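A.B. asks: Please see the structure below; I have some questions.
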Protein chains: 2
Amino acid sequence: MEAKLQELKNRLMEVDDLNNAVALLSWDQTTYMPPGGATARGRQMATLQRIGHEKFTDAAIGKLLDDLRPYEESLPYDSDDASLIRVTRRAYEKLIRLPSDFVAEMSNHAALSYQVWTEARPANDFNKVLSHLERTLDMSRKMADYFPGYSHIADPLIDFSDDGMKAESVREVFGQLRQQLVPLVRAITAQEPADSSCLSLHYPENQQLDFGLEVIKQYGYDFNRGRQDKTHHPFMTKFSLGDVRITTRVNEHDLGDALFSTLHEAGHGMYEQGINMAYEGTPLAGGTSAGVHESQSRLWENIVGRSRGFWEYYYPRLQSIFPEQLGKVSLDKFYRAINKVQRSLIRVDADEVTYNLHVMIRFDLELELLEGKLEIRDLPEAWDERYETDLGIHAPDNRDGVLQDVHWYGGLIGGAFQGYTLGNILSGLYYAQALKAHPEIPSEIGQGKFDTLHTWMRDNIYTHGSKFTADELTEKVTGGPLRIEPYIDYLKTKYGELYSL
Amino acid sequence: MEAKLQELKNRLMEVDDLNNAVALLSWDQTTYMPPGGATARGRQMATLQRIGHEKFTDAAIGKLLDDLRPYEESLPYDSDDASLIRVTRRAYEKLIRLPSDFVAEMSNHAALSYQVWTEARPANDFNKVLSHLERTLDMSRKMADYFPGYSHIADPLIDFSDDGMKAESVREVFGQLRQQLVPLVRAITAQEPADSSCLSLHYPENQQLDFGLEVIKQYGYDFNRGRQDKTHHPFMTKFSLGDVRITTRVNEHDLGDALFSTLHEAGHGMYEQGINMAYEGTPLAGGTSAGVHESQSRLWENIVGRSRGFWEYYYPRLQSIFPEQLGKVSLDKFYRAINKVQRSLIRVDADEVTYNLHVMIRFDLELELLEGKLEIRDLPEAWDERYETDLGIHAPDNRDGVLQDVHWYGGLIGGAFQGYTLGNILSGLYYAQALKAHPEIPSEIGQGKFDTLHTWMRDNIYTHGSKFTADELTEKVTGGPLRIEPYIDYLKTKYGELYSL
C-alpha cells in the first residue's frame with residue numbers, strides 16, 4: 001500500500017509540475033510577455049495542459065485509486081492519506097470525462113480570447129471579441145455535456161469551482177440575499193451620497209503600491225513566498241506552496257483601485273500560503289472552492305480593510321504619505337468615502353452592499369446564455385438592460401459594461417461568478433466564528449495587529465487546503481451549513497451606523 | 001511522406017512547447033521568483049525537461065526519421081525539409097544516449113546549484129557551492145561517458161554547444177590566437193593606461209537602462225517580440241520566435257556594465273529574432289552553435305558598439321543624458337575609456353584584447369577538471385594561479401575570482417566557454433565579409449544607421465537558424481573555413497590606432 005501511495009503521489013507531483021508550468025506561462029502572458037509571444041504561448045499552454053490532463057487521467061491513476069480504496073477506508077475520513085485519495089478520486093472522476101484534445105483546445109482558445117480581450121476592452125470594441133466569445137459559449141456548453149444527467153446545464157460548470165453547488169441552490173441563496181439587500185440599498189441610496197472626491201485626486205503610482213505592500217506585509221502575506229506585479233485585471237496565482245503571487249493595477253486618480261485589489265488578492269494569497277506544506281504537489285494543495293477562496297479575499301479586503309478600526313490605525317500613516325491629498329480630510333470623511341454605497345457600473349469597484357447585485361446579474365446572464373435563451377450578439381444589450389433594472393444605471397460604453405470582467409473572455413462561461421457572492425456570505429460567517437473564539441480581534445485590528453485573525457483563519461481554514469469540501473469545511477468551522485445571517489448582520493450593523501438607518 | 005513529415009513536425013512542436021516552458025521557468029527563476037519558490041522550481045524544470053526528453057527520444061521519432069530518409073535524400077541538402085530531418089536526426093542520435101532520468105537529475109541539480117551560487121557569490125563563499133560543484137563535475141563526466149569513443153572527455157560536451165569542435169581543434173585555434181594576443185597585450189600594457197575614471201561616476205539606473213534600450217531599438221532588436229529585465233548575470237532566452245528576451249544588470253558606478261551587456265545580449269536576441277519564422281517549433285529554430293551565437297553578440301557589442309564611428313553618432317546623445325558626468329569629457333577620452341586595455345579580473349568586463357585570455361583560462365581549467373587532474377576544492381587556487389601567470393593579477397576574493405561566472409554553477413562543466421572565443425574570431429570573419437559586400441557599413445554606423453549590417457547578417461546568418469552547422473555556415477558565408485586573420489587584423493588596426501603601435 002505504501003508503494004502504491006507513493007506511486008500515486010509521484011504521478012500527482014508530475015501533473016502538478018505541469019499545471020504549475022501552465023500557471024507560470026499564464027502569469028507571464030498577463031504580466032511581461034511581449035505581444036509577439038501570444039500565438040506560441042496559447043499553443044504552449046494548450047500542449048502542457050493536454051499532457052497534464054493525459055497524465056492525470058491515465059488509467060494507471062484510476063487503478064491506483066481503486067487499489068488504494070481499502071487503505072483509504074481503513075483510515076479516519078480526515079486523515080491526510082484518506083483525504084488525498086478521496087479528493088484525487090473526485091477530481092479524477094470528473095476529468096476522465098473530458099477528452100485531452102478538448103482540454104487543449106479550450107486552453108488554446110482561452111489564451112487567444114484573453115489576448116483579444118486585452119485589446120478589445122481599451123478599444124471599447126465588443127465586436128472584436130464577439131466570435132471568440134461565441135466559441136467560448138459553444139465550448140462551455142460542450143463541456144457541460146460531458147457530464148450528462150445534470151438538472152441545469154450550468155451545474156457541471158458551477159461544480160468545477162464550487163463543488164456541490166448547483167444552479168438551483170445558488171439561485172435559492174441568492175434569492176434570500178436579494179430580499180435583504182434590495183431594501184438596504186434603497187434605504188441607503190435615498191440619502192445624500194457620501195463625498196468620495198478625496199479618492200480621485202492624483203495619487204502617484206509608486207506610493208500607492210508601496211502603501212499596499214506595507215499593509216499586506218502586516219497582514220501576514222509572506223513575500224519570501226510571493227510577490228506582486230501589475231496586470232490588466234488583478235489576480236492571485238500559485239506555482240508552488242512556496243511561490244504564491246498576486247497582481248494589481250494602479251489608477252493614479254483612484255486611490256481605492258490598487259489598494260483594495262491588493263488587500264483582496266493578498267487574502268487569496270494568504271489562503272494558499274497557509275496550506276499545510278505536506279500537501280505540496282497533490283490535489284490537496286489548493287483552496288477548496290471559489291466561494292471559500294473568495295471568503296478570504298473579501299474578508300481581508302472589506303471586513304478588515306474597510307473597517308473603521310483598520311483606518312483608525314492606518315489613516316494617519318496614509319495621510320503622512322499623501323499629505324497634500326489627505327492632510328485636511330478627516331478620518332470620518334475618508335471612512336465614508338471608501339464605504340460609499342452607490343449604484344455603480346464596475347463590479348470590482350462596487351461597494352459591499354451593491355456588489356452582490358453585480359454578481360447576480362452576471363450569474364443570471366450566464367444561465368441564460370447556457371440555456372440558449374440569450375445569444376452572445378445580444379449580450380451587451382441584455383447587460384445594459386439588467387443594469388438598468390437592477391441598479392438603475394446605464395454604462396456609457398461596453399468598456400465599462402459587458403467588457404469589464406476578464407472571466408468570460410478567459411475561456412469559460414458558467415460557474416465564473418457565483419463564488420464571489422458565496423464568498424461574501426462565507427466571509428461574514430467565518431469572521432463571526434473567529435470573533436466568538438477571539439472577541440479581541442476588532443480591537444487588535446485597531447492597533448494594526450492581524451496575527452490572531454490570520455492565525456485563526458490559517459488553523460481553521462487555510463491549513464486544510466482541499467481536504468474538506470466547502471460544505472464540510474463550513475460545517476466543521478461553524479457547526480452548521482452555509483447561512484446568510486452573519487453576513488447580513490455585518491452589513492446591517494456597519495451600514496446602519498454609517499447611514500444612521 | 002507528407003503525413004509522416006507532418007507527424008514529425010507535430011511531435012517536435014510538442015517537445016518545443018515543453019522546452020520553451022522550461023526556458024520560461026528558468027527565466028522567471030532568475031528574474032522575479034521569490035526565494036520560497038526555489039525547491040519546487042528545480043523539480044518543475046526537471047520534470048518538464050524529462051518529459052521533453054522522453055518525447056524527443058521516443059522510438060516513434062526514430063522510426064519517422066528512418067522512414068523519411070529516402071524523402072530527405074531526394075531533396076537538395078539545403079532545402080528546409082531535408083535540413084529539418086537531418087538536424088533533427090543529429091540531435092536525436094545525441095539525445096537517445098542520455099537516459100531521461102539523468103536529464104531530469106541534471107536539470108534539478110542545475111536549478112539548485114544556480115540558486116546556491118546566487119547566494120554564494122555575494123557572500124564570497126566558495127565553500128557554500130563546493131559540494132554542488134563537485135556533483136556538477138561528476139555529472140558532467142558521467143554525461144561525457146554516455147558518448148564513448150571520444151579522444152578527449154571534453155569532446156562530447158564541447159560538441160553539445162559547438163557541433164564539430166573538439167578539445168584538440170579548440171586548443172589548436174586558441175594556440176594560434178594566443179601567439180598573436182600575448183605580444184599585443186604586452187605592447188599595449190607597456191604604455192600609460194587609458195583614463196577610464198569618467199565611467200565610474202554615478203550614473204542613475206533608469207537613465208542607463210533607457211539609453212541602452214534606445215540603442216538596441218536602433219540596432220533593430222524588436223521589442224514587439226522581446227523585452228529586457230534585470231538579472232544577476234545577463235543572458236538571452238527565447239520562448240518562441242515571437243518572444244526572444246534579454247536581461248541585463250546595472251551598476252550605478254560603472255557605465256559600461258549595463259550598456260555593453262545590453263548591446264551584447266541584443267546581438268544574441270537579433271540572431272534568434274532573425275530566424276525564418278517557418279522554422280518555429282522545430283530544431284531549426286535556434287542559433288546553430290555557441291560560437292556563431294557569440295559572433296553576433298560580440299559583433300554588436302564590440303565591433304559596432306565600441307567603434308569610434310558608433311560613438312561619433314551616440315556620444316553627443318549620451319552627453320545630453322549625463323551632462324554632469326560627461327559634459328566635459330571629450331569623445332576621444334571617452335572612446336579610449338571604453339576601449340581601455342588592461343589586465344583585469346572580470347571576464348565580462350574585460351576589453352576585447354585580453355578577453356580571450358580569460359576564456360582560455362576557463363577552457364584549460366575545464367579540461368583539467370574533466371581529466372581528473374584538478375579537484376574542485378583546489379579550483380580557487382588554480383584559478384588564482386592562472387590569473388597570476390596569464391594576466392599578472394590576483395583576485396582579492398573568490399567573488400571576483402572563481403565565483404564570477406554563472407556557467408559552472410548552472411549545472412555543467414565542459415563546453416561552456418570555448419564558444420566565446422570562437423565567437424570573437426567569427427565576429428571578425430563575418431564582419432569582414434559584410435564589409436566586402438557593403439563597404440559603406442562603417443560610415444552608416446557613424447550616422448546611427450544599422451540596417452545594412454543587420455540585414456546582411458539576417459540574410460546570411462540569422463535566417464538559416466540551425467540549418468547549417470557552424471562550419472558549413474562559415475564556408476557558405478566566407479567561402480572558406482574558420483580563420484583568425486580577419487579578427488586579428490581588426491584588433492591590430494583598432495588598437496594599433498588607439499595605442500599608436
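Order determines the names: the first chain of the C-alpha cells is A, the second B, and so forth; residues in each chain are numbered 1 upward, and ligands are numbered 1 upward as they are shown.
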Only residues of chain B matter here; which ones have an atom within 9 Å of chain A, counting only C-alpha atoms? Give them as a short mmCIF file (atom, residue, chain, number, x, y, z; two decimals) with N, CA and C atoms, in the first residue's frame.
C.D. replies:
data_model
loop_
_atom_site.label_atom_id
_atom_site.label_comp_id
_atom_site.auth_asym_id
_atom_site.auth_seq_id
_atom_site.Cartn_x
_atom_site.Cartn_y
_atom_site.Cartn_z
N GLU B 14 5.53 19.68 -29.97
CA GLU B 14 5.19 19.35 -28.59
C GLU B 14 6.45 19.43 -27.71
N ASP B 16 9.09 21.17 -28.38
CA ASP B 16 9.46 22.58 -28.34
C ASP B 16 8.62 23.33 -27.30
N ASP B 17 7.35 23.03 -27.24
CA ASP B 17 6.49 23.68 -26.24
C ASP B 17 6.99 23.37 -24.83
N LEU B 18 7.36 22.13 -24.59
CA LEU B 18 7.89 21.75 -23.27
C LEU B 18 9.20 22.47 -22.99
N ASN B 20 10.26 25.25 -24.24
CA ASN B 20 10.04 26.68 -24.03
C ASN B 20 9.45 26.96 -22.66
N ALA B 21 8.63 26.05 -22.17
CA ALA B 21 8.11 26.21 -20.80
C ALA B 21 9.26 26.11 -19.80
N VAL B 22 10.20 25.20 -20.05
CA VAL B 22 11.38 25.11 -19.18
C VAL B 22 12.16 26.43 -19.22
N LEU B 24 11.02 29.36 -19.79
CA LEU B 24 10.31 30.38 -19.02
C LEU B 24 10.47 30.15 -17.52
N LEU B 25 10.36 28.90 -17.09
CA LEU B 25 10.56 28.57 -15.67
C LEU B 25 11.95 29.06 -15.23
N ASP B 28 12.11 33.01 -15.25
CA ASP B 28 11.42 33.52 -14.07
C ASP B 28 12.25 33.29 -12.80
N TYR B 32 12.19 37.08 -11.41
CA TYR B 32 11.14 37.51 -10.49
C TYR B 32 10.79 36.52 -9.38
N MET B 33 11.23 35.30 -9.47
CA MET B 33 10.79 34.28 -8.50
C MET B 33 11.21 34.62 -7.06
N PRO B 34 10.27 34.56 -6.12
CA PRO B 34 10.67 34.75 -4.72
C PRO B 34 11.48 33.53 -4.24
N PRO B 35 12.33 33.72 -3.24
CA PRO B 35 13.21 32.63 -2.80
C PRO B 35 12.46 31.35 -2.43
N GLY B 36 11.26 31.51 -1.86
CA GLY B 36 10.49 30.33 -1.43
C GLY B 36 10.14 29.39 -2.57
N GLY B 37 10.25 29.87 -3.81
CA GLY B 37 9.86 29.02 -4.94
C GLY B 37 10.96 28.09 -5.43
N ALA B 38 12.18 28.23 -4.85
CA ALA B 38 13.35 27.57 -5.44
C ALA B 38 13.23 26.04 -5.52
N THR B 39 12.84 25.42 -4.44
CA THR B 39 12.83 23.96 -4.43
C THR B 39 11.87 23.40 -5.46
N ALA B 40 10.66 23.90 -5.42
CA ALA B 40 9.67 23.39 -6.37
C ALA B 40 10.08 23.72 -7.80
N ARG B 41 10.68 24.88 -8.00
CA ARG B 41 11.07 25.27 -9.35
C ARG B 41 12.07 24.30 -9.95
N ARG B 43 12.40 21.22 -9.25
CA ARG B 43 11.70 19.99 -9.59
C ARG B 43 10.86 20.17 -10.84
N GLN B 44 10.20 21.32 -10.95
CA GLN B 44 9.33 21.55 -12.11
C GLN B 44 10.14 21.53 -13.41
N MET B 45 11.28 22.22 -13.38
CA MET B 45 12.12 22.26 -14.58
C MET B 45 12.60 20.85 -14.93
N THR B 47 11.15 18.00 -14.18
CA THR B 47 10.03 17.19 -14.69
C THR B 47 9.76 17.49 -16.15
N LEU B 48 9.68 18.77 -16.47
CA LEU B 48 9.35 19.12 -17.86
C LEU B 48 10.48 18.74 -18.80
N PHE B 223 11.20 44.99 -30.07
CA PHE B 223 10.54 44.93 -28.76
C PHE B 223 9.12 44.40 -28.83
N ASN B 224 8.59 44.32 -30.01
CA ASN B 224 7.30 43.66 -30.16
C ASN B 224 7.44 42.15 -29.92
N ARG B 225 8.68 41.70 -30.08
CA ARG B 225 8.97 40.27 -29.89
C ARG B 225 10.07 40.08 -28.85
N GLY B 226 10.15 41.00 -27.91
CA GLY B 226 11.19 40.86 -26.90
C GLY B 226 11.04 41.87 -25.78
N ARG B 227 11.85 41.77 -24.76
CA ARG B 227 11.88 42.72 -23.67
C ARG B 227 13.18 42.52 -22.89
N PHE B 239 11.31 32.05 -25.86
CA PHE B 239 10.16 31.20 -25.59
C PHE B 239 9.39 30.87 -26.87
N SER B 240 9.74 31.58 -27.94
CA SER B 240 9.24 31.28 -29.29
C SER B 240 9.94 32.29 -30.18
N LEU B 241 9.83 32.12 -31.49
CA LEU B 241 10.46 33.11 -32.36
C LEU B 241 9.79 34.48 -32.20
N GLY B 242 8.62 34.51 -31.60
CA GLY B 242 7.94 35.77 -31.34
C GLY B 242 8.21 36.33 -29.95
N ASP B 243 9.07 35.70 -29.19
CA ASP B 243 9.30 36.13 -27.80
C ASP B 243 10.73 35.78 -27.39
N VAL B 244 11.63 36.69 -27.74
CA VAL B 244 13.07 36.49 -27.53
C VAL B 244 13.54 37.57 -26.55
N ARG B 245 13.83 37.18 -25.33
CA ARG B 245 14.10 38.19 -24.30
C ARG B 245 15.58 38.28 -23.93
N GLU B 280 9.62 27.81 -36.84
CA GLU B 280 9.04 27.81 -35.49
C GLU B 280 8.65 26.40 -35.05
N GLY B 281 9.06 26.07 -33.84
CA GLY B 281 8.65 24.79 -33.26
C GLY B 281 9.50 23.61 -33.68
#
A.B. asks: Please list as number ranges by chain every residue within 6 Å of region 301-312 of chain B, counting only C-alpha atoms and excluding residues in the same chain fewer than 6 positions away.
C.D. replies: B: 260, 263-264, 445-446
A.B. asks: Write out as an mmCIF file with C-alpha atoms, in the first residue's frame each polymer residue whose atoms come within 8 Å of Asn339 (chain A), counting only C-alpha atoms; drop sequence neighbours fewer than 4 positions from it.
C.D. replies:
data_model
loop_
_atom_site.group_PDB
_atom_site.id
_atom_site.type_symbol
_atom_site.label_atom_id
_atom_site.label_comp_id
_atom_site.auth_asym_id
_atom_site.auth_seq_id
_atom_site.Cartn_x
_atom_site.Cartn_y
_atom_site.Cartn_z
ATOM 1 C CA ARG A 306 -12.648 48.803 5.023
ATOM 2 C CA TYR A 335 -14.050 56.198 6.051
ATOM 3 C CA ASP A 351 -19.205 48.777 -2.511
ATOM 4 C CA GLU A 352 -20.031 45.874 -0.255
#
A.B. asks: Which residues come within 10 Å of Pro99 (chain B), counting only C-alpha atoms, excluding same-chain residues fewer than 4 positions away, as a PyMOL selection string?
C.D. replies: chain B and resi 50+53-54+57+95+103-105+143+146
A.B. asks: Okay, now the selection with N, CA and C atoms, as a CSV table (one decimal), in the first residue's frame?
C.D. replies:
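This is the output file selection_20.csv:
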chain,number,residue,atom,x,y,z
B,50,ARG,N,12.5,16.3,-18.4
B,50,ARG,CA,12.4,14.8,-18.5
B,50,ARG,C,11.3,14.4,-19.5
B,53,HIS,N,12.4,15.3,-22.9
B,53,HIS,CA,13.5,14.4,-23.4
B,53,HIS,C,12.8,13.0,-23.8
B,54,GLU,N,11.9,12.6,-22.9
B,54,GLU,CA,11.2,11.3,-23.3
B,54,GLU,C,10.5,11.4,-24.6
B,57,THR,N,13.0,11.6,-27.5
B,57,THR,CA,13.8,10.4,-27.8
B,57,THR,C,12.8,9.2,-28.0
B,95,LEU,N,20.8,12.7,-28.3
B,95,LEU,CA,20.0,12.6,-27.1
B,95,LEU,C,19.5,11.3,-26.7
B,103,VAL,N,18.7,13.2,-17.4
B,103,VAL,CA,18.5,14.6,-17.8
B,103,VAL,C,17.7,15.3,-16.8
B,104,ALA,N,16.7,14.7,-16.2
B,104,ALA,CA,15.9,15.3,-15.1
B,104,ALA,C,16.8,15.6,-13.9
B,105,GLU,N,17.7,14.7,-13.6
B,105,GLU,CA,18.6,14.8,-12.4
B,105,GLU,C,19.5,16.0,-12.6
B,143,MET,N,28.0,12.5,-18.0
B,143,MET,CA,27.4,12.9,-19.3
B,143,MET,C,28.3,12.5,-20.5
B,146,TYR,N,28.5,9.0,-21.6
B,146,TYR,CA,27.4,8.4,-22.4
B,146,TYR,C,27.7,8.4,-23.9
A.B. asks: Could you tell me how far CA of Leu157 (chain B) lies from CA of Ile85 (chain B), in Å and to one decimal?
C.D. replies: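 Computing the Euclidean distance for CA of Leu157 (chain B) and CA of Ile85 (chain B) yields 23.0 Å.
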A.B. asks: How many Å separate CA of Pro486 (chain B) from CA of Leu429 (chain B)?
C.D. replies: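 It comes out at 5.3 Å.
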A.B. asks: If we count only C-alpha atoms, what is near region 471-481 of chain B at a cut-off of 12 Å, once residues fewer than 4 positions away on the same chain are taken out, given as an MDAnalysis selection string?
C.D. replies: chainID B and resid 77:78 162:165 173 287:289 291:292 295 422:423 425:437 456:467 485:486
A.B. asks: Choose the residue, out of A:Pro396, A:Gly414, A:Pro442, A:Pro283, that has the smallest atom-to-atom separation from Phe56 (chain A); count only C-alpha atoms.
C.D. replies: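 Of A:Pro396, A:Gly414, A:Pro442, A:Pro283, the one nearest Phe56 (chain A) is A:Pro283, counting only C-alpha atoms.
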A.B. asks: Give me, as a PyMOL selection string, the residues of region 259-392 of chain B that a backbone DSSP run labels helix (DSSP H, G or I).
C.D. replies: chain B and resi 259-273+277-279+290-304+308-321+323-326+331-338+347-349+352-371+376-391
A.B. asks: How would the residues just chosen look if you wrote them out with C-alpha atoms as a tab-separated table (two decimals), in the first residue's frame?
C.D. replies:
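Done, and the output landed in again-v7.tsv:
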chain	number	residue	atom	x	y	z
B	259	LEU	CA	25.24	49.24	-21.61
B	260	PHE	CA	27.61	46.75	-23.15
B	261	SER	CA	25.80	43.74	-21.72
B	262	THR	CA	22.64	45.13	-23.30
B	263	LEU	CA	24.32	45.51	-26.69
B	264	HIS	CA	25.78	42.03	-26.28
B	265	GLU	CA	22.54	40.28	-25.42
B	266	ALA	CA	20.70	42.23	-28.11
B	267	GLY	CA	23.11	40.69	-30.61
B	268	HIS	CA	22.09	37.22	-29.41
B	269	GLY	CA	18.46	38.32	-29.49
B	270	MET	CA	18.58	39.70	-33.03
B	271	TYR	CA	20.07	36.41	-34.20
B	272	GLU	CA	17.10	34.48	-32.80
B	273	GLN	CA	14.57	37.08	-33.92
B	277	MET	CA	9.58	32.07	-38.91
B	278	ALA	CA	8.74	28.95	-40.90
B	279	TYR	CA	11.11	27.04	-38.62
B	290	ALA	CA	27.60	28.80	-29.25
B	291	GLY	CA	30.40	30.23	-31.39
B	292	VAL	CA	28.16	31.59	-34.12
B	293	HIS	CA	25.81	32.97	-31.47
B	294	GLU	CA	28.66	34.70	-29.75
B	295	SER	CA	29.87	36.11	-33.05
B	296	GLN	CA	26.67	38.15	-33.12
B	297	SER	CA	26.73	39.31	-29.51
B	298	ARG	CA	30.37	40.35	-29.82
B	299	LEU	CA	29.78	41.98	-33.18
B	300	TRP	CA	27.05	44.25	-31.84
B	301	GLU	CA	28.75	44.81	-28.50
B	302	ASN	CA	32.28	45.44	-29.71
B	303	ILE	CA	32.86	45.76	-33.42
B	304	VAL	CA	29.85	48.08	-33.65
B	308	ARG	CA	34.70	55.18	-33.00
B	309	GLY	CA	32.01	55.70	-35.64
B	310	PHE	CA	29.28	54.47	-33.33
B	311	TRP	CA	30.28	56.96	-30.66
B	312	GLU	CA	30.71	59.82	-33.09
B	313	TYR	CA	26.98	59.41	-33.53
B	314	TYR	CA	25.91	58.42	-29.99
B	315	TYR	CA	28.28	60.30	-27.73
B	316	PRO	CA	26.53	63.69	-28.01
B	317	ARG	CA	23.31	61.94	-27.10
B	318	LEU	CA	24.93	60.23	-24.12
B	319	GLN	CA	26.41	63.53	-23.01
B	320	SER	CA	22.98	65.14	-23.15
B	321	ILE	CA	21.65	62.40	-20.84
B	323	PRO	CA	25.72	66.28	-18.78
B	324	GLU	CA	27.28	66.47	-15.32
B	325	GLN	CA	29.24	63.28	-15.70
B	326	LEU	CA	30.29	63.54	-19.35
B	331	LEU	CA	34.81	61.96	-27.37
B	332	ASP	CA	38.39	60.89	-27.72
B	333	LYS	CA	38.81	60.42	-23.99
B	334	PHE	CA	35.52	58.53	-23.72
B	335	TYR	CA	36.40	56.31	-26.67
B	336	ARG	CA	39.71	55.45	-25.06
B	337	ALA	CA	37.98	54.78	-21.74
B	338	ILE	CA	35.53	52.25	-23.15
B	347	ARG	CA	35.72	38.30	-17.97
B	348	VAL	CA	32.50	40.06	-18.88
B	349	ASP	CA	34.09	43.45	-18.17
B	352	GLU	CA	38.49	42.98	-26.45
B	353	VAL	CA	42.21	42.29	-26.39
B	354	THR	CA	42.53	40.50	-23.06
B	355	TYR	CA	39.05	38.93	-23.14
B	356	ASN	CA	40.19	35.80	-24.90
B	357	LEU	CA	42.87	35.18	-22.29
B	358	HIS	CA	40.10	34.98	-19.67
B	359	VAL	CA	38.31	32.43	-21.80
B	360	MET	CA	41.43	30.35	-22.35
B	361	ILE	CA	41.99	30.11	-18.57
B	362	ARG	CA	38.48	28.76	-18.08
B	363	PHE	CA	38.75	26.40	-21.03
B	364	ASP	CA	42.01	24.93	-19.75
B	365	LEU	CA	40.67	24.58	-16.19
B	366	GLU	CA	37.57	22.80	-17.51
B	367	LEU	CA	39.75	20.32	-19.32
B	368	GLU	CA	41.88	19.72	-16.22
B	369	LEU	CA	38.80	19.19	-14.06
B	370	LEU	CA	37.30	16.76	-16.53
B	371	GLU	CA	40.60	14.95	-16.94
B	376	ILE	CA	37.05	21.16	-7.31
B	377	ARG	CA	38.40	22.01	-3.86
B	378	ASP	CA	41.64	23.16	-5.50
B	379	LEU	CA	39.86	25.15	-8.19
B	380	PRO	CA	40.00	28.58	-6.49
B	381	GLU	CA	43.73	28.24	-6.04
B	382	ALA	CA	44.26	27.00	-9.60
B	383	TRP	CA	42.12	29.89	-10.81
B	384	ASP	CA	44.22	32.42	-8.95
B	385	GLU	CA	47.44	30.86	-10.17
B	386	ARG	CA	46.39	31.03	-13.79
B	387	TYR	CA	45.33	34.66	-13.44
B	388	GLU	CA	48.70	35.35	-11.93
B	389	THR	CA	50.53	33.61	-14.77
B	390	ASP	CA	48.42	34.71	-17.74
B	391	LEU	CA	47.28	38.15	-16.69
A.B. asks: Rounded to one decimal, what separation in Å do you get between CA of Asn398 (chain A) and CA of Asn124 (chain A)?
C.D. replies: 5.8 Å
A.B. asks: Hey, what does DSSP flag as strand (DSSP E) within region 122-298 of chain B? Can you give it to me as a list in words?
C.D. replies: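 Filtering region 122-298 of chain B down to strand (DSSP E) leaves Gln228, Asp229, Lys230, Met236, Thr237, Lys238, Phe239, Ser240, Asp243, Val244, Arg245, Ile246, Thr247 and Thr248 of chain B.
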A.B. asks: Residues as selected, N, CA and C atoms, written as a JSON list (two decimals), in the first residue's frame, can you do that?
C.D. replies:
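Final output, saved to result-v3.json:
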[["chain", "number", "residue", "atom", "x", "y", "z"],
["B", 228, "GLN", "N", 13.46, 43.47, -22.01],
["B", 228, "GLN", "CA", 14.67, 43.35, -21.19],
["B", 228, "GLN", "C", 14.29, 43.40, -19.72],
["B", 229, "ASP", "N", 14.87, 42.50, -18.93],
["B", 229, "ASP", "CA", 14.67, 42.51, -17.48],
["B", 229, "ASP", "C", 16.04, 42.45, -16.80],
["B", 230, "LYS", "N", 16.02, 42.59, -15.49],
["B", 230, "LYS", "CA", 17.28, 42.58, -14.75],
["B", 230, "LYS", "C", 17.55, 41.21, -14.10],
["B", 236, "MET", "N", 20.38, 35.89, -22.81],
["B", 236, "MET", "CA", 19.30, 35.94, -23.79],
["B", 236, "MET", "C", 18.57, 34.63, -23.67],
["B", 237, "THR", "N", 17.25, 34.67, -23.79],
["B", 237, "THR", "CA", 16.49, 33.43, -23.78],
["B", 237, "THR", "C", 15.31, 33.58, -24.72],
["B", 238, "LYS", "N", 14.72, 32.46, -25.09],
["B", 238, "LYS", "CA", 13.68, 32.51, -26.11],
["B", 238, "LYS", "C", 12.55, 31.57, -25.74],
["B", 239, "PHE", "N", 11.31, 32.05, -25.86],
["B", 239, "PHE", "CA", 10.16, 31.20, -25.59],
["B", 239, "PHE", "C", 9.39, 30.87, -26.87],
["B", 240, "SER", "N", 9.74, 31.58, -27.94],
["B", 240, "SER", "CA", 9.24, 31.28, -29.29],
["B", 240, "SER", "C", 9.94, 32.29, -30.18],
["B", 243, "ASP", "N", 9.07, 35.70, -29.19],
["B", 243, "ASP", "CA", 9.30, 36.13, -27.80],
["B", 243, "ASP", "C", 10.73, 35.78, -27.39],
["B", 244, "VAL", "N", 11.63, 36.69, -27.74],
["B", 244, "VAL", "CA", 13.07, 36.49, -27.53],
["B", 244, "VAL", "C", 13.54, 37.57, -26.55],
["B", 245, "ARG", "N", 13.83, 37.18, -25.33],
["B", 245, "ARG", "CA", 14.10, 38.19, -24.30],
["B", 245, "ARG", "C", 15.58, 38.28, -23.93],
["B", 246, "ILE", "N", 15.94, 39.43, -23.44],
["B", 246, "ILE", "CA", 17.30, 39.61, -22.93],
["B", 246, "ILE", "C", 17.24, 40.13, -21.50],
["B", 247, "THR", "N", 18.34, 39.98, -20.78],
["B", 247, "THR", "CA", 18.41, 40.54, -19.43],
["B", 247, "THR", "C", 19.72, 41.32, -19.30],
["B", 248, "THR", "N", 19.75, 42.18, -18.30],
["B", 248, "THR", "CA", 20.97, 42.93, -18.04],
["B", 248, "THR", "C", 21.10, 43.14, -16.54]]
A.B. asks: Calculated over only C-alpha atoms, which of the candidates B:Ile158, B:Val129, B:Leu181, B:Leu209 has the smallest distance to Ile484 (chain B)?
C.D. replies: B:Leu181
A.B. asks: Go through B:Gln404, B:Gln342, B:Asn108, B:Ser83 one by one, measure the shortest atom-to-atom distance of each to Glu192 (chain B) using only C-alpha atoms, and give the residue with the smallest value.
C.D. replies: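 Using only C-alpha atoms, the shortest distance to Glu192 (chain B) belongs to B:Gln342.
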A.B. asks: Which residues come within 12 Å of Phe322 (chain B), counting only C-alpha atoms, excluding same-chain residues fewer than 4 positions away, as number ranges by chain?
C.D. replies: B: 198-199, 201-208, 211, 255, 315-318, 326-329
